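Enquirer: Sending over a structure as structure tokens; questions will come in a sec.
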Amino acid sequence: MQLILALTSEQMTFLVIFGVGAVALVMVVLAAWALARWIVRRRAKPAGVQPPMEAPELYDLRTADVTDDIRFCVEMARQVGGPVLELGAGTGRITLPLARTGLVVTGLETSRLMLQRAKMKAEQLSSKLRVEWVEGDITNFHLGGRKFRLILAPFNVLQELRDLAEIEKCLGCVAEHLEPTGKFIVIVQPPRWEALKVERRFLKAVYSARTGEVVNCYQSLEVDPIWQKLRGVYEYEIWDNTGHVHQMLAPFEGSYLTCPEMALLLRAAGMQLDAVYGSFAREPLTVQSKHMIFVARPLQPASLPADAQKPAVSASQPAKQPALVGAGAPAANPPSASGSVPASPPAGGPVTVVLPETKNASAAASTDATSTSLPALPPPGGPGSASSSSSSAQALQAPPSPPAKPHTTGQRRRSKPTH
């Protein structure tokens with residue numbers, strides 16, 4: 001106390017200024033620390049959306065319970081035979097079950113990250129799988145003159161193409177690689193405009209055993225019925241075990257097809273429809289069907305239109321050669337024993353197929369007797385298929401009703417339609 005009283009006025013002023021400065025410095029440090037923590041937390045919130053990027057592991061989590069198309073493709077592969085080419089192979093969801101049947105399978109995929117995960121999954125399954133992975137564009141690929149007994153375009157892969165011009169290019173490449181007696185199978189969604197449009201809906205919640213995270217999956221989709229365009233986004237909310245969440249978006253832009261368009265595009269590429277199904281049980285296609293499954297085959301050489309006999313790609317525009325990522329099969333497949341020259345067409349000129357009826361039961365080849373863990377599908381031409389062929393053809397040719405509300409834009413959307 002006596003020391004304080006002994007201080008002069010100048011010394012007291014210095015002490016006060018020093019104390020105030022020290023307090024101010026501490027407050028500035030605390031404010032900077034709080035601001036840094038706020039910035040870090042805000043980046044982890046959904047408002048700070050990460051830029052679009054490929055997420056193969058999230059794709060696998062979202063599609064883990066999608067198995068109906070796998071059984072259908074495996075059954076068709078057993079009937080038709082190999083070698084098999086799958087367009088848009090992704091992470092091998094369908095490619096690997098096909099390879100496990102013993103067939104030689106080639107998976108064509110644009111995304112290198114998807115192919116890396118597919119190759120890793122194949123190595124974990126078995127080193128004896130006869131499968132190879134090729135990085136390339138499905139609208140412009142050339143595999144060294146190789147021919148395939150079966151070519152698959154499953155899981156709405158053609159709807160990921162932006163317009164009919166890209167679909168036409170893809171079908172031209174397919175016709176170039178299809179054996180004369182081979183089959184080409186396309187799986188897409190029916191063009192029900194009102195049902196396709198989705199503002200934002202919850203799809204599922206999945207658990208990642210590798211990371212311990214819970215992933216909530218949402219889908220948004222808008223449709224332009226005039227230009228037959230699709231634009232949407234898959235949204236992933238990823239919650240870790242501490243309660244923090246971050247969001248990832250996977251955008252999508254594509255188109256959709258109608259039955260007459262598919263028939264015309266196939267014929268322009270030198271193919272024709274062999275059958276049209278509305279389900280993986282090979283039921284007739286109706287307005288209630290959830291899938292459109294087209295089975296096509298090459299036209300007879302004498303029946304090809306003049307423009308279809310031209311090369312698919314102009315010589316002035318050389319195609320980009322796909323890069324081989326990894327292969328567990330030989331570099332080249334031997335020609336199929338079934339690749340003989342087809343018989344000449346019947347008298348009376350070319351046969352034009354626009355909307356064929358459901359395939360007869362006698363047209364299905366006998367299935368392979370090898371062991372399988374997948375249940376057999378009902379034979380084509382099931383109950384009611386013959387009696388309803390006329391009504392189903394009328395339903396296919398009937399134009400869709402116009403949408404109830406005008407199309408609006410401006411909403412946030414994502415990836416390809418619900419599978």
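Residues in the structure tokens are numbered from 1 in each chain, the chains being A, B, ... in the order shown, and ligands are numbered from 1 in the order shown.
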Extract the full set of strand (DSSP E or B) residues from region 121-242 of chain A according to DSSP on the backbone, and format it as a ChimeraX atom specification.
Expert: /A:131-135,148-153,178-188,198-207,214-224,229-239
Enquirer: As a PDB file with N, CA and C atoms, in the first residue's frame, please: all residues of region 183-281 of chain A that backbone DSSP puts in alpha helix (DSSP H).
Expert:
ATOM      1  N   TRP A 193     -42.878 -38.406 -67.936  1.00  0.00           N
ATOM      2  CA  TRP A 193     -42.345 -37.112 -67.552  1.00  0.00           C
ATOM      3  C   TRP A 193     -42.745 -36.721 -66.125  1.00  0.00           C
ATOM      4  N   GLU A 194     -44.032 -36.953 -65.770  1.00  0.00           N
ATOM      5  CA  GLU A 194     -44.472 -36.546 -64.438  1.00  0.00           C
ATOM      6  C   GLU A 194     -43.781 -37.369 -63.354  1.00  0.00           C
ATOM      7  N   ALA A 195     -43.579 -38.661 -63.613  1.00  0.00           N
ATOM      8  CA  ALA A 195     -42.976 -39.537 -62.606  1.00  0.00           C
ATOM      9  C   ALA A 195     -41.474 -39.315 -62.492  1.00  0.00           C
ATOM     10  N   LEU A 196     -40.816 -38.911 -63.592  1.00  0.00           N
ATOM     11  CA  LEU A 196     -39.369 -38.739 -63.551  1.00  0.00           C
ATOM     12  C   LEU A 196     -38.967 -37.509 -62.745  1.00  0.00           C
ATOM     13  N   CYS A 259     -39.705 -45.610 -77.527  1.00  0.00           N
ATOM     14  CA  CYS A 259     -39.568 -46.845 -78.309  1.00  0.00           C
ATOM     15  C   CYS A 259     -39.387 -46.590 -79.808  1.00  0.00           C
ATOM     16  N   PRO A 260     -40.186 -45.724 -80.433  1.00  0.00           N
ATOM     17  CA  PRO A 260     -39.943 -45.487 -81.871  1.00  0.00           C
ATOM     18  C   PRO A 260     -38.558 -44.907 -82.146  1.00  0.00           C
ATOM     19  N   GLU A 261     -38.088 -44.014 -81.279  1.00  0.00           N
ATOM     20  CA  GLU A 261     -36.742 -43.461 -81.470  1.00  0.00           C
ATOM     21  C   GLU A 261     -35.691 -44.554 -81.383  1.00  0.00           C
ATOM     22  N   MET A 262     -35.826 -45.454 -80.432  1.00  0.00           N
ATOM     23  CA  MET A 262     -34.841 -46.519 -80.282  1.00  0.00           C
ATOM     24  C   MET A 262     -34.840 -47.421 -81.509  1.00  0.00           C
ATOM     25  N   ALA A 263     -36.023 -47.744 -82.029  1.00  0.00           N
ATOM     26  CA  ALA A 263     -36.095 -48.590 -83.217  1.00  0.00           C
ATOM     27  C   ALA A 263     -35.431 -47.920 -84.417  1.00  0.00           C
ATOM     28  N   LEU A 264     -35.654 -46.618 -84.600  1.00  0.00           N
ATOM     29  CA  LEU A 264     -35.056 -45.908 -85.726  1.00  0.00           C
ATOM     30  C   LEU A 264     -33.542 -45.772 -85.565  1.00  0.00           C
ATOM     31  N   LEU A 265     -33.087 -45.454 -84.347  1.00  0.00           N
ATOM     32  CA  LEU A 265     -31.648 -45.316 -84.120  1.00  0.00           C
ATOM     33  C   LEU A 265     -30.924 -46.640 -84.333  1.00  0.00           C
ATOM     34  N   LEU A 266     -31.519 -47.723 -83.882  1.00  0.00           N
ATOM     35  CA  LEU A 266     -30.911 -49.041 -84.083  1.00  0.00           C
ATOM     36  C   LEU A 266     -30.820 -49.375 -85.567  1.00  0.00           C
ATOM     37  N   ARG A 267     -31.892 -49.092 -86.298  1.00  0.00           N
ATOM     38  CA  ARG A 267     -31.871 -49.429 -87.724  1.00  0.00           C
ATOM     39  C   ARG A 267     -30.865 -48.568 -88.469  1.00  0.00           C
ATOM     40  N   ALA A 268     -30.731 -47.306 -88.089  1.00  0.00           N
ATOM     41  CA  ALA A 268     -29.741 -46.448 -88.728  1.00  0.00           C
ATOM     42  C   ALA A 268     -28.328 -46.950 -88.479  1.00  0.00           C
TER      43      ALA A 268
END
Enquirer: Quick check, in Å to one decimal: how far apart do CA of Gly88 (chain A) and CA of Gln116 (chain A) lie?
Expert: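 For CA of Gly88 (chain A) relative to CA of Gln116 (chain A), the distance reads 13.8 Å.
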Enquirer: Kindly indicate which residue among A:Thr110, A:Thr67, A:Ser255, A:Thr211 lies nearest to Ile138 (chain A), using only C-alpha atoms for the distances.
Expert: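 Of the candidates, the smallest distance to Ile138 (chain A) is held by A:Thr110.
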Enquirer: Restrict the calculation to only C-alpha atoms, then for each residue of region 33-134 of chain A with any atom at most 12 Å from an atom of region 163-181 of chain A give the closest atom pair and their distance in Å to one decimal, rows by chain and rising residue number, as JSON lines.
Expert:
{"residue": "A:Val80", "atom": "CA", "partner": "A:Thr181", "partner_atom": "CA", "distance": 9.5}
{"residue": "A:Gly81", "atom": "CA", "partner": "A:Thr181", "partner_atom": "CA", "distance": 10.9}
{"residue": "A:Gly82", "atom": "CA", "partner": "A:Glu179", "partner_atom": "CA", "distance": 10.3}
{"residue": "A:Pro83", "atom": "CA", "partner": "A:Glu179", "partner_atom": "CA", "distance": 9.9}
{"residue": "A:Val84", "atom": "CA", "partner": "A:Leu178", "partner_atom": "CA", "distance": 9.7}
{"residue": "A:Leu85", "atom": "CA", "partner": "A:His177", "partner_atom": "CA", "distance": 9.0}
{"residue": "A:Glu86", "atom": "CA", "partner": "A:Val174", "partner_atom": "CA", "distance": 10.4}
{"residue": "A:Leu87", "atom": "CA", "partner": "A:Val174", "partner_atom": "CA", "distance": 9.3}
{"residue": "A:Gly88", "atom": "CA", "partner": "A:Cys170", "partner_atom": "CA", "distance": 11.4}
{"residue": "A:Leu108", "atom": "CA", "partner": "A:Val174", "partner_atom": "CA", "distance": 11.9}
Enquirer: Name all residues at most 12 Å from region 54-58 of chain A (count only C-alpha atoms; drop same-chain ones fewer than 6 positions away) and give them as a PyMOL selection string.
Expert: chain A and resi 64+89-93+110-118+120-121+205-211+213-217+234-238+247-252+415
Enquirer: Take the residues from that selection and write them out as a CSV table (one decimal), in the first residue's frame, keeping C-alpha atoms.
Expert:
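Here's the written file selection23.csv:
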chain,number,residue,atom,x,y,z
A,64,ALA,CA,-25.4,-52.2,-53.1
A,89,ALA,CA,-19.0,-50.7,-66.4
A,90,GLY,CA,-18.5,-48.4,-63.4
A,91,THR,CA,-17.0,-50.2,-60.4
A,92,GLY,CA,-17.9,-53.7,-61.8
A,93,ARG,CA,-21.3,-54.1,-60.2
A,110,THR,CA,-15.0,-43.4,-68.9
A,111,SER,CA,-14.0,-42.7,-65.2
A,112,ARG,CA,-10.5,-43.8,-64.2
A,113,LEU,CA,-11.4,-43.7,-60.5
A,114,MET,CA,-14.3,-46.1,-61.2
A,115,LEU,CA,-12.0,-48.4,-63.1
A,116,GLN,CA,-9.4,-48.4,-60.3
A,117,ARG,CA,-12.0,-49.5,-57.8
A,118,ALA,CA,-13.4,-52.1,-60.2
A,120,MET,CA,-9.3,-53.7,-56.9
A,121,LYS,CA,-12.6,-55.5,-56.4
A,205,ALA,CA,-29.3,-44.3,-45.4
A,206,VAL,CA,-26.3,-46.6,-45.7
A,207,TYR,CA,-23.5,-47.5,-43.3
A,208,SER,CA,-19.9,-47.6,-44.4
A,209,ALA,CA,-18.1,-50.4,-42.6
A,210,ARG,CA,-14.7,-49.1,-43.7
A,211,THR,CA,-15.0,-45.6,-42.3
A,213,GLU,CA,-19.8,-43.2,-41.4
A,214,VAL,CA,-23.5,-43.1,-42.1
A,215,VAL,CA,-24.4,-41.7,-45.5
A,216,ASN,CA,-27.8,-40.3,-46.3
A,217,CYS,CA,-28.6,-40.4,-50.0
A,234,TYR,CA,-27.4,-37.1,-56.1
A,235,GLU,CA,-26.7,-35.6,-52.7
A,236,TYR,CA,-24.7,-37.4,-50.1
A,237,GLU,CA,-24.8,-36.3,-46.4
A,238,ILE,CA,-21.8,-38.0,-44.7
A,247,GLN,CA,-22.0,-33.0,-48.1
A,248,MET,CA,-21.0,-34.2,-51.6
A,249,LEU,CA,-22.8,-33.7,-54.8
A,250,ALA,CA,-22.7,-35.9,-57.9
A,251,PRO,CA,-24.4,-34.0,-60.8
A,252,PHE,CA,-25.9,-35.5,-63.9
A,415,SER,CA,-27.5,-37.5,-61.3
Enquirer: Give me the residues within 8 Å of Val198 (chain A) as a PDB file with N, CA and C atoms, in the first residue's frame, counting only C-alpha atoms and dropping any in the same chain fewer than 5 places off.
Expert:
ATOM      1  N   GLN A 219     -32.003 -37.603 -53.867  1.00  0.00           N
ATOM      2  CA  GLN A 219     -31.997 -37.444 -55.322  1.00  0.00           C
ATOM      3  C   GLN A 219     -32.910 -36.297 -55.718  1.00  0.00           C
ATOM      4  N   SER A 220     -32.436 -35.505 -56.660  1.00  0.00           N
ATOM      5  CA  SER A 220     -33.244 -34.465 -57.289  1.00  0.00           C
ATOM      6  C   SER A 220     -33.137 -34.639 -58.800  1.00  0.00           C
ATOM      7  N   LEU A 221     -34.228 -34.342 -59.515  1.00  0.00           N
ATOM      8  CA  LEU A 221     -34.217 -34.547 -60.960  1.00  0.00           C
ATOM      9  C   LEU A 221     -35.258 -33.641 -61.599  1.00  0.00           C
ATOM     10  N   GLU A 222     -34.876 -32.918 -62.626  1.00  0.00           N
ATOM     11  CA  GLU A 222     -35.827 -32.137 -63.409  1.00  0.00           C
ATOM     12  C   GLU A 222     -35.787 -32.610 -64.854  1.00  0.00           C
TER      13      GLU A 222
END
Enquirer: To one decimal place, how far is CA of Asp69 (chain A) from CA of Glu132 (chain A) in Å?
Expert: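 That distance, rounded to one decimal, is 20.9 Å.
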Enquirer: Using only C-alpha atoms, which of A:Phe294, A:Tyr256, A:Phe155, A:Trp239 sits nearest Thr63 (chain A)?
Expert: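 Nearest candidate to Thr63 (chain A) out of A:Phe294, A:Tyr256, A:Phe155, A:Trp239: A:Phe155.
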Enquirer: Could you build a table of the residues in region 138-253 of chain A lying no more than 9 Å from region 277-292 of chain A, giving for each the nearest pair of atoms and their separation in Å rounded to one decimal place, using only C-alpha atoms, ordered by chain and ascending residue number, as JSON lines?
Expert:
{"residue": "A:Val186", "atom": "CA", "partner": "A:Met292", "partner_atom": "CA", "distance": 8.0}
{"residue": "A:Ile187", "atom": "CA", "partner": "A:Met292", "partner_atom": "CA", "distance": 5.8}
{"residue": "A:Val188", "atom": "CA", "partner": "A:Met292", "partner_atom": "CA", "distance": 5.3}
{"residue": "A:Gln189", "atom": "CA", "partner": "A:His291", "partner_atom": "CA", "distance": 4.8}
{"residue": "A:Pro190", "atom": "CA", "partner": "A:Met292", "partner_atom": "CA", "distance": 5.8}
{"residue": "A:Arg192", "atom": "CA", "partner": "A:Val287", "partner_atom": "CA", "distance": 8.5}
Enquirer: I need the residues from that last selection saved to file as a PDB file, in the first residue's frame (with C-alpha atoms), if you can.
Expert:
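Saved the output as selection14.pdb:
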ATOM      1  CA  VAL A 186     -30.226 -51.778 -73.546  1.00  0.00           C
ATOM      2  CA  ILE A 187     -31.870 -51.035 -70.180  1.00  0.00           C
ATOM      3  CA  VAL A 188     -33.384 -47.566 -69.683  1.00  0.00           C
ATOM      4  CA  GLN A 189     -36.325 -45.959 -67.918  1.00  0.00           C
ATOM      5  CA  PRO A 190     -39.678 -45.316 -69.611  1.00  0.00           C
ATOM      6  CA  ARG A 192     -42.962 -40.827 -67.938  1.00  0.00           C
TER       7      ARG A 192
END
Enquirer: Quick one: of A:Leu15, A:Ile70, A:Leu203, A:Ile293, who's nearest to Leu158 (chain A), counting only C-alpha atoms?
Expert: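 The answer is A:Ile293, which sits nearest to Leu158 (chain A).
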